[in-house]
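A.B. asks: Take this structure first; my questions come after.
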Amino acid sequence: MCILGLHQKQRPLMCNITLFSQIIKKIDRSTFKKLVQDKQTDKGCKGFDSWTHLVSMLFCHFAKSTSVRDISNGLRSATGNLNHLGISKAPSKSSISYQNKRRDADLFKDLYYSLLGSLGQQASLRRVKLKIKVPVYLLDATVISLCLSVFDWATFRTKKGAVKMHTLLDYDGKLPAYVNITEGSVADNKGAYNIPLEKGSVIVADRYYNDFPMLNIWDSKGVFFVIRHKDNLAYTVISERELPEKMAQHVLIDQEIELTNPQSKTKYPKKLRRVAVWDEKNQQTIEIITNNFTWAAQTIGDLYKSRWEIEVFFRDIKQLLHIKTFIGTSKNAVMIQIWTALITILLLKAMKASAKYGWHLSNLVAFIRLNIFVKIELQNWLDRPFEDHDKPPKYNPQGVLFPDYK
């Protein structure tokens, strides 16, 4: 129970557990326990169980620890606060390294999707720019570079290793609805073949996803797509659609087309809509193809511009969390670190959405890092992070030894 001091409205409430402990409590232990039982990830764990592993990896991201030694020493410094985290003692660096190599990374993957179903709803924001109400997903991939001589399994180029994170981002929550982590050599469109398809939704992607067999599957499943087409697209114009006279002057072209390349036409025999819009910010023309013929051309252009949000997500997860360098070299260790990074950013965005204060995500990460073991009530701190503490009362509980002495 939090300790309520004087002048409650003027200062943050002190609490008997740390900020990190309160953040961890947002994860439902019963759900996690069921996942552990299903996957048998505590079998033969020898004291370093799955929950301790999860707490250790989340500490790695929140504290931006650069090694297993940092994680072990950081948690050891918490001393009496460990029981609030649900762990009995700080893990050794050898235990963390061993289980990062051994424990099934799918445990943390499944936990992410489980949390997305609950905490992810809290992070959703009301749409401002997009006028359509259907679910919008942004598709892209980002490369996380690795040293090929150390991570020899992560093929990418002749002298360079990498993993690629193929991501389907929910536009409303700005959180991944699906992630496929592959070697860096896997092409963007190939890594997107297994993405979940929701009928009536729209997928927005760059020109690397001009894969007509894949687009044909999406169309057959009732999914709309908005894709920037390649410069060498071979097509013939069926009809010119009327452009708006007063509004949306940045719309340059609105056409119905058919593909003329025999191979492409076999793979996608239906007609397409081609829209070209002027991008004032980057001083360029953006040419888009879509299978939607009812939305306004301006809406098609706005949908493609919303694709920038996935670039912001990739920037945030690389800059704010510990994902550019890895504390383990095995494929499993890399997967665990990426999935726990996704769990961390999910927790951060849920906290950001619940706060009355207008946090920037970078500031929130930095402030939690500085106050990770401070004992203060989390929600009150999120709402009013910069309010001053009251000055201590002018009162000496020990009394005065020499009251007559001046």
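Chains: A, B, ... in order of the structure tokens. Residues: from 1 per chain. Ligands: from 1, in order shown.
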Skipping near chain neighbours, those fewer than 6 positions away, what residues fall within 10 Å of A:Asn332 using only C-alpha atoms, listed as a ChimeraX atom specification?
C.D. replies: /A:99-106,338
A.B. asks: Include all heavy atoms and write out the residues we just selected as a compact mmCIF listing (two decimals), in the first residue's frame.
C.D. replies:
# COMPACT_ATOMS: atom_id res chain seq x y z
N GLN A 99 20.66 -19.90 -20.37
CA GLN A 99 19.23 -19.99 -20.70
C GLN A 99 18.89 -19.18 -21.94
O GLN A 99 17.93 -19.51 -22.65
CB GLN A 99 18.38 -19.54 -19.52
CG GLN A 99 18.42 -20.50 -18.33
CD GLN A 99 17.83 -21.86 -18.65
OE1 GLN A 99 17.23 -22.08 -19.69
NE2 GLN A 99 18.03 -22.81 -17.74
N ASN A 100 19.64 -18.12 -22.26
CA ASN A 100 19.42 -17.40 -23.51
C ASN A 100 19.69 -18.30 -24.71
O ASN A 100 19.07 -18.17 -25.77
CB ASN A 100 20.32 -16.16 -23.59
CG ASN A 100 19.64 -14.91 -23.12
OD1 ASN A 100 18.43 -14.88 -22.91
ND2 ASN A 100 20.40 -13.85 -22.94
N LYS A 101 20.62 -19.21 -24.53
CA LYS A 101 20.94 -20.15 -25.60
C LYS A 101 19.95 -21.32 -25.63
O LYS A 101 19.64 -21.85 -26.70
CB LYS A 101 22.36 -20.68 -25.40
CG LYS A 101 22.86 -21.58 -26.52
CD LYS A 101 24.24 -22.13 -26.19
CE LYS A 101 25.28 -21.04 -26.13
NZ LYS A 101 26.65 -21.59 -25.92
N ARG A 102 19.43 -21.69 -24.46
CA ARG A 102 18.65 -22.93 -24.35
C ARG A 102 17.13 -22.74 -24.36
O ARG A 102 16.41 -23.49 -25.02
CB ARG A 102 19.06 -23.64 -23.05
CG ARG A 102 18.28 -24.89 -22.72
CD ARG A 102 18.66 -25.43 -21.37
NE ARG A 102 17.83 -26.57 -20.98
CZ ARG A 102 16.62 -26.47 -20.43
NH1 ARG A 102 16.10 -25.26 -20.19
NH2 ARG A 102 15.94 -27.54 -20.12
N ARG A 103 16.62 -21.76 -23.64
CA ARG A 103 15.16 -21.64 -23.44
C ARG A 103 14.48 -21.21 -24.74
O ARG A 103 14.95 -20.32 -25.45
CB ARG A 103 14.86 -20.65 -22.32
CG ARG A 103 13.37 -20.52 -21.98
CD ARG A 103 13.18 -19.84 -20.64
NE ARG A 103 13.32 -20.76 -19.52
CZ ARG A 103 14.12 -20.56 -18.48
NH1 ARG A 103 14.84 -19.45 -18.39
NH2 ARG A 103 14.20 -21.45 -17.50
N ASP A 104 13.35 -21.82 -25.03
CA ASP A 104 12.63 -21.59 -26.29
C ASP A 104 12.19 -20.13 -26.40
O ASP A 104 11.41 -19.63 -25.58
CB ASP A 104 11.40 -22.51 -26.34
CG ASP A 104 10.70 -22.48 -27.69
OD1 ASP A 104 11.13 -21.70 -28.56
OD2 ASP A 104 9.72 -23.23 -27.86
N ALA A 105 12.67 -19.44 -27.44
CA ALA A 105 12.34 -18.03 -27.64
C ALA A 105 10.86 -17.82 -27.93
O ALA A 105 10.33 -16.72 -27.73
CB ALA A 105 13.18 -17.46 -28.78
N ASP A 106 10.17 -18.87 -28.37
CA ASP A 106 8.74 -18.75 -28.67
C ASP A 106 7.92 -18.45 -27.42
O ASP A 106 6.79 -17.95 -27.53
CB ASP A 106 8.22 -20.03 -29.33
CG ASP A 106 8.59 -20.10 -30.80
OD1 ASP A 106 9.11 -19.09 -31.34
OD2 ASP A 106 8.37 -21.15 -31.43
N ILE A 338 15.12 -9.75 -29.05
CA ILE A 338 14.20 -8.96 -29.89
C ILE A 338 12.78 -9.05 -29.36
O ILE A 338 12.07 -8.03 -29.26
CB ILE A 338 14.28 -9.45 -31.36
CG1 ILE A 338 15.65 -9.11 -31.96
CG2 ILE A 338 13.17 -8.79 -32.19
CD1 ILE A 338 15.85 -9.65 -33.36
A.B. asks: For stretch 235-238 of chain A, work out the shell of residues within 9 Å, counting only C-alpha atoms and skipping chain neighbours fewer than 3 positions away, then give it as a PyMOL selection string.
C.D. replies: chain A and resi 255-261+271
A.B. asks: Per residue of stretch 262-349 of chain A within 12 Å of stretch 15-33 of chain A, which atom pair is closest and at what distance in Å (one decimal), using only C-alpha atoms, listed by chain and increasing number, as CSV?
C.D. replies:
residue,atom,partner,partner_atom,distance
A:Ile343,CA,A:Ile27,CA,9.7
A:Thr344,CA,A:Ile23,CA,9.7
A:Ile345,CA,A:Ile23,CA,11.9
A:Leu346,CA,A:Lys26,CA,10.8
A:Leu347,CA,A:Ile23,CA,7.6
A:Leu348,CA,A:Ile23,CA,9.0
A:Lys349,CA,A:Ile23,CA,11.9
A.B. asks: Which is closest to A:Phe151 among A:Ser330, A:Ile310, A:Ala350, A:Ala341, if we use only C-alpha atoms?
C.D. replies: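 The shortest atom-to-atom distance to A:Phe151 comes from A:Ser330.
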A.B. asks: Skip A:Phe212 itself and residues of its chain fewer than 2 positions away, then list as a list of chain:residue names all residues within 9 Å of it, counting only C-alpha atoms.
C.D. replies: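 After dropping sequence-adjacent residues, the list is A:Tyr209, A:Asn210, A:Met214, A:Leu215, A:Asn216, A:Ile217, A:Ser264, A:Lys265, A:Lys267, A:Tyr268.
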A.B. asks: Have a look at atom CA of A:Phe386 and atom CA of A:Ala78 and let me know their distance in Å, one decimal.
C.D. replies: 24.4 Å
A.B. asks: Write down as a PyMOL selection string the residues of stretch 117-199 of chain A whose backbone DSSP state falls under alpha helix (DSSP H).
C.D. replies: chain A and resi 117-123
A.B. asks: Between A:Lys331, A:Lys64, A:Lys133, A:Lys352, which one has atoms that come closest to A:Leu370, using only C-alpha atoms?
C.D. replies: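 When distances to A:Leu370 are compared using only C-alpha atoms, the smallest one comes from A:Lys64.
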A.B. asks: Interatomic distance between atom CA of A:Leu197 and atom CA of A:Pro213?
C.D. replies: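 Answer for the atom CA of A:Leu197 to atom CA of A:Pro213 separation: 14.8 Å.
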A.B. asks: Using only C-alpha atoms, which protein or nucleic acid residues come within 8 Å of A:Val143? Drop anything in the same chain fewer than 3 positions from it, and give the result as a ChimeraX atom specification.
C.D. replies: /A:162-165,184
A.B. asks: Work out how far apart atom CA of A:Leu364 and atom CA of A:Thr52 are and give it in Å to one decimal.
C.D. replies: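 Atom CA of A:Thr52 lies at a distance of 24.4 Å from atom CA of A:Leu364.
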A.B. asks: Which residue, A:Lys129, A:Asp383, A:Leu138, A:Gly200, has the smallest gap to A:Thr299 when you use only C-alpha atoms?
C.D. replies: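 Ranking A:Lys129, A:Asp383, A:Leu138, A:Gly200 by distance to A:Thr299, first place goes to A:Lys129.
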A.B. asks: Select, from A:Ala63, A:Tyr193, A:Ser220, A:Ala177, the residue with the minimum atom-to-atom distance to A:Gly117, counting only C-alpha atoms.
C.D. replies: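 Closest residue, counting only C-alpha atoms: A:Ala177.
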A.B. asks: Which one is closest to A:Phe59: A:Tyr208, A:Phe293, A:Phe108, A:Phe373? Count only C-alpha atoms.
C.D. replies: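 Nearest to A:Phe59: A:Phe373.
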A.B. asks: Which residue is closest to A:Leu175? Choose from A:Asn291, A:Gln122, A:Gln379, A:Asn83 and count only C-alpha atoms.
C.D. replies: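 Comparing A:Asn291, A:Gln122, A:Gln379, A:Asn83 against A:Leu175, the winner is A:Gln122.
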